[in-house]
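Worksheet: the structure to be examined is printed underneath.
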There are 4 protein chains.
Amino acid sequence: MTSVPKKALPIEGHDRRPTERTDWAQMMTDDEYYPFLVKKNIRPAIWRWADARPKLEELAKDKLRRADRRFLSLVNADTGEAGGVLPSLFLGLQIINPGEHIVPHRHNSYALYHIIQGEGYSIVGDHRFDWSRGDTFACSPWALHEHVNTGTEPAIQYVIQDMPARAMERNLMWEEPIGKMFHMVEGNLPHSD
Amino acid sequence: MTSVPKKALPIEGHDRRPTERTDWAQMMTDDEYYPFLVKKNIRPAIWRWADARPKLEELAKDKLRRADRRFLSLVNADTGEAGGVLPSLFLGLQIINPGEHIVPHRHNSYALYHIIQGEGYSIVGDHRFDWSRGDTFACSPWALHEHVNTGTEPAIQYVIQDMPARAMERNLMWEEPIGKMFHMVEGNLPHSD
Amino acid sequence: MTSVPKKALPIEGHDRRPTERTDWAQMMTDDEYYPFLVKKNIRPAIWRWADARPKLEELAKDKLRRADRRFLSLVNADTGEAGGVLPSLFLGLQIINPGEHIVPHRHNSYALYHIIQGEGYSIVGDHRFDWSRGDTFACSPWALHEHVNTGTEPAIQYVIQDMPARAMERNLMWEEPIGKMFHMVEGNLPHSD
Amino acid sequence: MTSVPKKALPIEGHDRRPTERTDWAQMMTDDEYYPFLVKKNIRPAIWRWADARPKLEELAKDKLRRADRRFLSLVNADTGEAGGVLPSLFLGLQIINPGEHIVPHRHNSYALYHIIQGEGYSIVGDHRFDWSRGDTFACSPWALHEHVNTGTEPAIQYVIQDMPARAMERNLMWEEPIGKMFHMVEGNLPHSD
């Protein structure tokens with residue numbers, strides 16, 4: 001019996017030479033595996049506002065660069081490849097100058113924003129949230145978002161994302177600029193031209 | 001100071017009416033929160049081959065239907081909303097009739113295939129893997145994949161995916177048919193026309 | 001051949017009656033499974049400081065209650081069973097009165113603290129971190145932690161944890177008071193006597 | 001105002017010298033962070049039964065060694081630090097000789113067992129599951145489990161666990177032997193004496 005698929009088949013590739021073995025497919029015994037699996041512990045860590053503030057002010061003097069935004073990411077070196085404030089978590093301090101507009105993009109990592117300083121608004125999916133110090137708002141996965149500083153001092157957002165978990169699992173997806181969607185793995189950097 | 005963004009701004013939406021409050025944003029005290037957070041335990045569970053096999057054979061008699069494939073998903077009812085064999089894991093028994101071709105698609109959940117019965121080949125990204133009983137192959141997140149049964153008996157694949165975790169976190173992305181990419185949330189079902 | 005195990009066997013239970021079937025072990029076809037798996041989208045949400053502040057002040061008037069601590073958890077109702085500010089994330093505003101001491105405990109969820117107001121210190125594993133407004137510190141999974149307000153005004157901590165992910169996956173472990181370790185599922189609530 | 005805690009305080013440690021800075025707490029700008037975060041893609045991979053089988057037979061000749069069990073872990077080298085068949089997933093082929101008993105232990109990673117060959121039974125929490133080829137059973141996080149081969153040929157289990165995710169996030173907890181519970185990080189290996 002041969003079924004007739006509903007759609008025309010993409011037939012390219014079906015005559016390619018079969019792959020017999022993939023060298024990166026390894027097998028390890030239990031005694032080999034456990035020492036490889038288990039990781040060194042993460043040490044508790046502290047980031048001082050007295051250290052972060054001057055770095056943010058320095059960053060604010062730069063033009064909006066390649067990334068189209070300016071943030072300081074707080075990273076615990078013990079997280080190794082994961083590269084986060086904790087192994088599955090990103091923490092960024094984002095600074096936006098008066099009048100600046102961080103242009104829209106989206107990704108399947110979520111983003112949680114807490115306002116440390118300043119005032120402005122963000123467009124998140126169908127909502128416009130006007131914010132000032134102490135407010136918290138959440139951008140759901142895949143919601144378009146953009147930010148505008150409407151005040152007279154730099155705005156500082158405390159931003160939490162699950163980017164490290166998504167990047168480690170290679171399931172991070174991105175759209176930026178609007179209309180250009182891609183899988184965020186090596187070769188595809190965010191905010192690049 | 002007003003920065004000049006590199007790209008023209010999408011300005012639609014900036015004059016929309018600000019959202020002051022979102023009713024679904026709740027606040028709970030510690031005493032309210034913990035009983036809400038903590039879940040009932042998952043009971044150990046068993047799925048018998050003697051039960052699964054006739055269901056698979058029944059399924060194999062159907063035409064390839066809406067989903068363009070046929071599988072039995074083994075679900076532990078205790079996983080609740082997560083809906084998996086375990087709260088973050090999908091387990092499916094996929095059956096492919098002789099001559100059938102499961103057309104290509106991709107998603108940012110991974111897929112791990114173990115061959116229980118039959119022979120055929122799969123195209124996974126740049127590779128063509130010819131397989132028979134006992135082989136295991138892994139489809140990485142966002143790799144295109146398709147399967148063909150080249151044998152004379154139905155092929156059965158034991159398939160593991162992280163779909164429940166991705167669906168719960170609302171970061172599941174899908175492309176099917178090729179060229180149609182979407183965020184897999186309510187309103188967007190896979191394999192539908 | 002019969003191996004001789006290194007340790008004496010716990011033999012209780014080996015003569016129990018075998019379980020043939022577990023009713024909660026279900027099987028669903030692809031057409032049944034997808035609509036069950038896919039979730040409604042999470043709406044963006046905002047929590048206003050103007051709303052949270054008076055609730056925190058009200059909470060601070062209470063004695064330290066059953067939970068031995070006082071926090072407001074910000075929950076997006078769209079997260080459903082997951083019960084978080086996002087489906088895998090807990091956000092709590094913790095308030096500590098002058099002179100108060102939040103006694104030590106630990107869990108395998110991490111905790112990230114940002115100081116919104118006040119001063120004091122925390123003991124996290126081997127470290128004593130003295131903190132004031134703007135500082136951020138991270139408590140690694142399974143590190144013991146306790147907090148003391150040494151200032152004259154209430155201290156407010158902005159606390160991020162991965163509790164919802166751990167609770168959904170039923171892998172949340174807790175020790176409180178010190179010496180009493182348990183699996184956090186229904187029947188075991190944190191901070192209870 | 002000074003609150004009176006319900007329980008006596010552990011006061012050791014409160015007079016320790018405060019930690020001002022932790023060197024492993026780093027700050028990176030956006031341009032530095034993204035190239036660090038984004039990982040190389042995971043290549044699809046295949047493990048042949050023709051390769052695994054002789055390795056398993058070789059393994060079965062060994063005495064039960066340090067780990068008290070024998071398995072082959074299938075690892076994709078592209079998963080790097082995560083060390084799994086996929087970045088969050090462990091896949092092991094466990095072989096149990098006739099008459100052998102894998103003694104009980106538990107962990108907060110789940111375990112999913114599919115029987116490839118042989119017959120025997122497993123005690124999982126409150127259940128005794130007698131199994132043979134084609135059966136699948138799930139061991140929930142923190143359920144005690146042990147396995148006995150009651151047949152005349154070696155039993156082979158296809159085992160899926162979320163150990164790599166738990167190890168990366170440093171939230172893996174273990175109890176083995178019964179009564180000895182520990183946090184599975186460097187310095188604490190499973191199945192060691």
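In the structure tokens, chains take letters A, B, ... by order of appearance, with residues numbered from 1 within each chain and ligands from 1 in the order shown.
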
Q: Residues of chain D no more than 6 Å from chain A, counting only C-alpha atoms: send them over as a PyMOL selection string.
A: chain D and resi 22+24-30+37-41+45+71-77+83+87+167+169+185-186

Take the residues from that selection and write them out as a PDB file, in the first residue's frame, keeping N, CA and C atoms.
```
ATOM      1  N   THR D  22      32.174  39.788  45.147  1.00  0.00           N
ATOM      2  CA  THR D  22      32.465  38.414  44.742  1.00  0.00           C
ATOM      3  C   THR D  22      33.019  38.487  43.324  1.00  0.00           C
ATOM      4  N   TRP D  24      33.461  36.518  40.982  1.00  0.00           N
ATOM      5  CA  TRP D  24      32.777  35.795  39.912  1.00  0.00           C
ATOM      6  C   TRP D  24      31.479  36.482  39.482  1.00  0.00           C
ATOM      7  N   ALA D  25      31.160  37.604  40.124  1.00  0.00           N
ATOM      8  CA  ALA D  25      29.983  38.394  39.730  1.00  0.00           C
ATOM      9  C   ALA D  25      30.431  39.399  38.679  1.00  0.00           C
ATOM     10  N   GLN D  26      30.116  39.141  37.413  1.00  0.00           N
ATOM     11  CA  GLN D  26      30.617  39.973  36.324  1.00  0.00           C
ATOM     12  C   GLN D  26      29.517  40.821  35.703  1.00  0.00           C
ATOM     13  N   MET D  27      29.941  41.836  34.951  1.00  0.00           N
ATOM     14  CA  MET D  27      28.975  42.653  34.200  1.00  0.00           C
ATOM     15  C   MET D  27      29.460  42.746  32.765  1.00  0.00           C
ATOM     16  N   MET D  28      28.566  42.484  31.837  1.00  0.00           N
ATOM     17  CA  MET D  28      28.915  42.508  30.415  1.00  0.00           C
ATOM     18  C   MET D  28      27.947  43.425  29.673  1.00  0.00           C
ATOM     19  N   THR D  29      28.480  44.191  28.698  1.00  0.00           N
ATOM     20  CA  THR D  29      27.578  45.000  27.868  1.00  0.00           C
ATOM     21  C   THR D  29      26.875  44.096  26.861  1.00  0.00           C
ATOM     22  N   ASP D  30      25.837  44.622  26.246  1.00  0.00           N
ATOM     23  CA  ASP D  30      25.068  43.861  25.264  1.00  0.00           C
ATOM     24  C   ASP D  30      25.963  43.296  24.153  1.00  0.00           C
ATOM     25  N   LEU D  37      26.480  34.295  24.880  1.00  0.00           N
ATOM     26  CA  LEU D  37      25.263  33.537  25.177  1.00  0.00           C
ATOM     27  C   LEU D  37      24.935  32.504  24.105  1.00  0.00           C
ATOM     28  N   VAL D  38      25.010  32.940  22.857  1.00  0.00           N
ATOM     29  CA  VAL D  38      24.508  32.113  21.760  1.00  0.00           C
ATOM     30  C   VAL D  38      25.446  30.927  21.516  1.00  0.00           C
ATOM     31  N   LYS D  39      24.869  29.747  21.367  1.00  0.00           N
ATOM     32  CA  LYS D  39      25.646  28.511  21.259  1.00  0.00           C
ATOM     33  C   LYS D  39      25.667  27.985  19.839  1.00  0.00           C
ATOM     34  N   LYS D  40      26.654  27.148  19.565  1.00  0.00           N
ATOM     35  CA  LYS D  40      26.652  26.499  18.259  1.00  0.00           C
ATOM     36  C   LYS D  40      25.481  25.514  18.218  1.00  0.00           C
ATOM     37  N   ASN D  41      24.977  25.315  17.039  1.00  0.00           N
ATOM     38  CA  ASN D  41      23.814  24.450  16.895  1.00  0.00           C
ATOM     39  C   ASN D  41      24.184  22.989  17.233  1.00  0.00           C
ATOM     40  N   ALA D  45      22.048  13.438  15.210  1.00  0.00           N
ATOM     41  CA  ALA D  45      23.009  12.356  15.480  1.00  0.00           C
ATOM     42  C   ALA D  45      22.284  11.023  15.494  1.00  0.00           C
ATOM     43  N   PHE D  71      25.095   1.030  32.810  1.00  0.00           N
ATOM     44  CA  PHE D  71      24.370   1.578  31.668  1.00  0.00           C
ATOM     45  C   PHE D  71      25.335   2.225  30.686  1.00  0.00           C
ATOM     46  N   LEU D  72      24.872   2.336  29.475  1.00  0.00           N
ATOM     47  CA  LEU D  72      25.551   3.104  28.431  1.00  0.00           C
ATOM     48  C   LEU D  72      24.738   4.375  28.242  1.00  0.00           C
ATOM     49  N   SER D  73      25.406   5.505  28.416  1.00  0.00           N
ATOM     50  CA  SER D  73      24.715   6.766  28.186  1.00  0.00           C
ATOM     51  C   SER D  73      25.017   7.231  26.764  1.00  0.00           C
ATOM     52  N   LEU D  74      23.978   7.567  26.006  1.00  0.00           N
ATOM     53  CA  LEU D  74      24.160   8.053  24.640  1.00  0.00           C
ATOM     54  C   LEU D  74      24.230   9.569  24.698  1.00  0.00           C
ATOM     55  N   VAL D  75      25.383  10.125  24.356  1.00  0.00           N
ATOM     56  CA  VAL D  75      25.638  11.559  24.525  1.00  0.00           C
ATOM     57  C   VAL D  75      25.998  12.185  23.183  1.00  0.00           C
ATOM     58  N   ASN D  76      25.382  13.299  22.871  1.00  0.00           N
ATOM     59  CA  ASN D  76      25.766  14.080  21.695  1.00  0.00           C
ATOM     60  C   ASN D  76      26.825  15.083  22.149  1.00  0.00           C
ATOM     61  N   ALA D  77      28.039  14.975  21.610  1.00  0.00           N
ATOM     62  CA  ALA D  77      29.142  15.836  22.064  1.00  0.00           C
ATOM     63  C   ALA D  77      28.815  17.316  21.869  1.00  0.00           C
ATOM     64  N   GLY D  83      25.828  17.780  28.502  1.00  0.00           N
ATOM     65  CA  GLY D  83      26.157  16.364  28.552  1.00  0.00           C
ATOM     66  C   GLY D  83      24.963  15.432  28.484  1.00  0.00           C
ATOM     67  N   PRO D  87      20.323  18.675  24.984  1.00  0.00           N
ATOM     68  CA  PRO D  87      20.884  19.472  26.087  1.00  0.00           C
ATOM     69  C   PRO D  87      20.164  19.322  27.434  1.00  0.00           C
ATOM     70  N   ALA D 167      21.209  18.921  36.460  1.00  0.00           N
ATOM     71  CA  ALA D 167      22.618  19.146  36.806  1.00  0.00           C
ATOM     72  C   ALA D 167      23.063  20.541  36.394  1.00  0.00           C
ATOM     73  N   GLU D 169      21.225  23.203  36.116  1.00  0.00           N
ATOM     74  CA  GLU D 169      20.594  24.209  36.974  1.00  0.00           C
ATOM     75  C   GLU D 169      20.982  24.028  38.440  1.00  0.00           C
ATOM     76  N   VAL D 185      26.175  18.061  43.348  1.00  0.00           N
ATOM     77  CA  VAL D 185      27.127  18.965  42.694  1.00  0.00           C
ATOM     78  C   VAL D 185      28.522  18.392  42.908  1.00  0.00           C
ATOM     79  N   GLU D 186      29.496  18.987  42.282  1.00  0.00           N
ATOM     80  CA  GLU D 186      30.867  18.499  42.358  1.00  0.00           C
ATOM     81  C   GLU D 186      31.239  18.170  43.796  1.00  0.00           C
TER      82      GLU D 186
END
```

Q: Skip Gly151 in chain C itself and residues of its chain fewer than 4 positions away, then list as a list of chain:residue names all residues within 10 Å of it, counting only C-alpha atoms.
A: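 Residues near the query, excluding close chain neighbours: C:Asn97, C:Pro98, C:Gly99, C:Glu100, C:Gly118, C:Glu119, C:Gly120, C:Tyr121, C:Ser132, C:Ala155.
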
Next, write the just-selected residues to a file, as a PDB file, in the first residue's frame, keeping N, CA, C and O atoms as the atom set.
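Saved file selection35.pdb follows:
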```pdb
ATOM      1  N   ASN C  97      10.445  44.048  58.570  1.00  0.00           N
ATOM      2  CA  ASN C  97      10.415  45.215  59.457  1.00  0.00           C
ATOM      3  C   ASN C  97      11.764  45.435  60.146  1.00  0.00           C
ATOM      4  O   ASN C  97      12.567  44.517  60.260  1.00  0.00           O
ATOM      5  N   PRO C  98      12.011  46.658  60.596  1.00  0.00           N
ATOM      6  CA  PRO C  98      13.264  46.935  61.313  1.00  0.00           C
ATOM      7  C   PRO C  98      13.454  45.939  62.463  1.00  0.00           C
ATOM      8  O   PRO C  98      12.512  45.671  63.212  1.00  0.00           O
ATOM      9  N   GLY C  99      14.636  45.378  62.560  1.00  0.00           N
ATOM     10  CA  GLY C  99      14.951  44.443  63.637  1.00  0.00           C
ATOM     11  C   GLY C  99      14.548  43.009  63.360  1.00  0.00           C
ATOM     12  O   GLY C  99      14.980  42.097  64.060  1.00  0.00           O
ATOM     13  N   GLU C 100      13.744  42.808  62.368  1.00  0.00           N
ATOM     14  CA  GLU C 100      13.269  41.444  62.099  1.00  0.00           C
ATOM     15  C   GLU C 100      14.330  40.567  61.463  1.00  0.00           C
ATOM     16  O   GLU C 100      15.214  41.051  60.744  1.00  0.00           O
ATOM     17  N   GLY C 118      15.582  50.121  51.970  1.00  0.00           N
ATOM     18  CA  GLY C 118      16.067  49.693  53.278  1.00  0.00           C
ATOM     19  C   GLY C 118      17.479  49.140  53.280  1.00  0.00           C
ATOM     20  O   GLY C 118      18.169  49.130  52.252  1.00  0.00           O
ATOM     21  N   GLU C 119      17.912  48.707  54.460  1.00  0.00           N
ATOM     22  CA  GLU C 119      19.246  48.114  54.574  1.00  0.00           C
ATOM     23  C   GLU C 119      19.253  46.993  55.603  1.00  0.00           C
ATOM     24  O   GLU C 119      18.440  46.977  56.542  1.00  0.00           O
ATOM     25  N   GLY C 120      20.192  46.090  55.392  1.00  0.00           N
ATOM     26  CA  GLY C 120      20.288  44.943  56.289  1.00  0.00           C
ATOM     27  C   GLY C 120      21.362  44.010  55.785  1.00  0.00           C
ATOM     28  O   GLY C 120      22.255  44.420  55.049  1.00  0.00           O
ATOM     29  N   TYR C 121      21.265  42.761  56.202  1.00  0.00           N
ATOM     30  CA  TYR C 121      22.222  41.788  55.657  1.00  0.00           C
ATOM     31  C   TYR C 121      21.541  40.442  55.493  1.00  0.00           C
ATOM     32  O   TYR C 121      20.499  40.170  56.104  1.00  0.00           O
ATOM     33  N   SER C 132      22.093  47.397  50.616  1.00  0.00           N
ATOM     34  CA  SER C 132      21.202  48.567  50.648  1.00  0.00           C
ATOM     35  C   SER C 132      20.642  48.758  49.242  1.00  0.00           C
ATOM     36  O   SER C 132      20.938  47.979  48.335  1.00  0.00           O
ATOM     37  N   ALA C 155      12.460  47.041  55.110  1.00  0.00           N
ATOM     38  CA  ALA C 155      13.263  46.683  53.935  1.00  0.00           C
ATOM     39  C   ALA C 155      12.357  45.966  52.936  1.00  0.00           C
ATOM     40  O   ALA C 155      11.497  45.162  53.331  1.00  0.00           O
TER      41      ALA C 155
END
```

Q | Expected answer as a PyMOL selection string: strand (DSSP E) residues in range 15-149 of chain B | A | chain B and resi 25-29+45-47+71-76+90-96+101-107+111-117+120-124+127-131+136-139+145-149

Q.
Among range 10-190 of chain C, which ones does DSSP assign to alpha helix (DSSP H) (computed from the backbone)? Answer as a PyMOL selection string.
A. chain C and resi 30-37+49-61+163-168

Those same residues, written as an mmCIF file, in the first residue's frame with N, CA, C and O atoms?
```
data_model
loop_
_atom_site.group_PDB
_atom_site.id
_atom_site.type_symbol
_atom_site.label_atom_id
_atom_site.label_comp_id
_atom_site.auth_asym_id
_atom_site.auth_seq_id
_atom_site.Cartn_x
_atom_site.Cartn_y
_atom_site.Cartn_z
ATOM 1 N N ASP C 30 -3.131 11.581 17.916
ATOM 2 C CA ASP C 30 -2.617 12.912 17.566
ATOM 3 C C ASP C 30 -3.742 13.959 17.517
ATOM 4 O O ASP C 30 -3.584 15.076 18.008
ATOM 5 N N ASP C 31 -4.869 13.587 16.937
ATOM 6 C CA ASP C 31 -5.962 14.548 16.817
ATOM 7 C C ASP C 31 -6.549 14.923 18.175
ATOM 8 O O ASP C 31 -7.070 16.023 18.367
ATOM 9 N N GLU C 32 -6.478 14.000 19.113
ATOM 10 C CA GLU C 32 -6.939 14.302 20.474
ATOM 11 C C GLU C 32 -5.884 15.083 21.257
ATOM 12 O O GLU C 32 -6.198 15.924 22.089
ATOM 13 N N TYR C 33 -4.626 14.757 20.985
ATOM 14 C CA TYR C 33 -3.565 15.287 21.835
ATOM 15 C C TYR C 33 -3.293 16.783 21.641
ATOM 16 O O TYR C 33 -3.170 17.531 22.610
ATOM 17 N N TYR C 34 -3.172 17.212 20.389
ATOM 18 C CA TYR C 34 -2.747 18.593 20.162
ATOM 19 C C TYR C 34 -3.662 19.638 20.803
ATOM 20 O O TYR C 34 -3.185 20.560 21.456
ATOM 21 N N PRO C 35 -4.977 19.530 20.630
ATOM 22 C CA PRO C 35 -5.840 20.556 21.256
ATOM 23 C C PRO C 35 -5.703 20.557 22.781
ATOM 24 O O PRO C 35 -5.925 21.577 23.433
ATOM 25 N N PHE C 36 -5.349 19.417 23.339
ATOM 26 C CA PHE C 36 -5.175 19.270 24.783
ATOM 27 C C PHE C 36 -3.858 19.912 25.224
ATOM 28 O O PHE C 36 -3.753 20.542 26.279
ATOM 29 N N LEU C 37 -2.841 19.763 24.377
ATOM 30 C CA LEU C 37 -1.507 20.262 24.710
ATOM 31 C C LEU C 37 -1.404 21.777 24.636
ATOM 32 O O LEU C 37 -0.849 22.419 25.522
ATOM 33 N N TRP C 49 3.184 49.949 41.208
ATOM 34 C CA TRP C 49 3.760 50.213 42.518
ATOM 35 C C TRP C 49 2.717 50.881 43.420
ATOM 36 O O TRP C 49 2.637 50.600 44.622
ATOM 37 N N ALA C 50 1.891 51.742 42.830
ATOM 38 C CA ALA C 50 0.845 52.430 43.597
ATOM 39 C C ALA C 50 -0.144 51.438 44.204
ATOM 40 O O ALA C 50 -0.778 51.725 45.218
ATOM 41 N N ASP C 51 -0.271 50.270 43.623
ATOM 42 C CA ASP C 51 -1.158 49.231 44.170
ATOM 43 C C ASP C 51 -0.412 48.317 45.149
ATOM 44 O O ASP C 51 -0.977 47.872 46.152
ATOM 45 N N ALA C 52 0.827 48.011 44.830
ATOM 46 C CA ALA C 52 1.581 47.056 45.641
ATOM 47 C C ALA C 52 1.993 47.664 46.986
ATOM 48 O O ALA C 52 1.936 46.996 48.027
ATOM 49 N N ARG C 53 2.384 48.928 46.953
ATOM 50 C CA ARG C 53 2.917 49.556 48.155
ATOM 51 C C ARG C 53 1.966 49.498 49.346
ATOM 52 O O ARG C 53 2.351 49.052 50.429
ATOM 53 N N PRO C 54 0.707 49.967 49.193
ATOM 54 C CA PRO C 54 -0.189 49.890 50.362
ATOM 55 C C PRO C 54 -0.456 48.465 50.824
ATOM 56 O O PRO C 54 -0.632 48.229 52.031
ATOM 57 N N LYS C 55 -0.466 47.530 49.911
ATOM 58 C CA LYS C 55 -0.661 46.131 50.312
ATOM 59 C C LYS C 55 0.532 45.653 51.144
ATOM 60 O O LYS C 55 0.377 44.894 52.108
ATOM 61 N N LEU C 56 1.722 46.063 50.749
ATOM 62 C CA LEU C 56 2.922 45.684 51.499
ATOM 63 C C LEU C 56 2.899 46.297 52.893
ATOM 64 O O LEU C 56 3.254 45.655 53.888
ATOM 65 N N GLU C 57 2.472 47.564 52.950
ATOM 66 C CA GLU C 57 2.430 48.237 54.258
ATOM 67 C C GLU C 57 1.408 47.575 55.172
ATOM 68 O O GLU C 57 1.626 47.448 56.379
ATOM 69 N N GLU C 58 0.307 47.152 54.577
ATOM 70 C CA GLU C 58 -0.712 46.435 55.343
ATOM 71 C C GLU C 58 -0.139 45.112 55.873
ATOM 72 O O GLU C 58 -0.300 44.763 57.049
ATOM 73 N N LEU C 59 0.562 44.423 54.982
ATOM 74 C CA LEU C 59 1.164 43.137 55.321
ATOM 75 C C LEU C 59 2.182 43.297 56.451
ATOM 76 O O LEU C 59 2.305 42.431 57.338
ATOM 77 N N ALA C 60 2.888 44.426 56.446
ATOM 78 C CA ALA C 60 3.952 44.645 57.431
ATOM 79 C C ALA C 60 3.395 44.823 58.838
ATOM 80 O O ALA C 60 4.114 44.647 59.824
ATOM 81 N N LYS C 61 2.121 45.142 58.919
ATOM 82 C CA LYS C 61 1.506 45.322 60.246
ATOM 83 C C LYS C 61 1.210 43.997 60.920
ATOM 84 O O LYS C 61 1.074 43.930 62.135
ATOM 85 N N MET C 163 10.453 28.741 41.302
ATOM 86 C CA MET C 163 9.523 27.832 41.980
ATOM 87 C C MET C 163 8.433 27.264 41.095
ATOM 88 O O MET C 163 8.124 26.070 41.195
ATOM 89 N N PRO C 164 7.762 28.076 40.235
ATOM 90 C CA PRO C 164 6.684 27.480 39.427
ATOM 91 C C PRO C 164 7.173 26.339 38.525
ATOM 92 O O PRO C 164 6.483 25.325 38.380
ATOM 93 N N ALA C 165 8.361 26.485 37.944
ATOM 94 C CA ALA C 165 8.897 25.399 37.104
ATOM 95 C C ALA C 165 9.166 24.168 37.962
ATOM 96 O O ALA C 165 8.839 23.039 37.585
ATOM 97 N N ARG C 166 9.748 24.375 39.130
ATOM 98 C CA ARG C 166 10.067 23.241 40.007
ATOM 99 C C ARG C 166 8.781 22.571 40.510
ATOM 100 O O ARG C 166 8.715 21.342 40.597
ATOM 101 N N ALA C 167 7.775 23.364 40.846
ATOM 102 C CA ALA C 167 6.532 22.781 41.360
ATOM 103 C C ALA C 167 5.785 22.021 40.271
ATOM 104 O O ALA C 167 5.267 20.927 40.503
ATOM 105 N N MET C 168 5.731 22.593 39.067
ATOM 106 C CA MET C 168 5.068 21.903 37.953
ATOM 107 C C MET C 168 5.754 20.567 37.654
ATOM 108 O O MET C 168 5.091 19.572 37.384
#
```
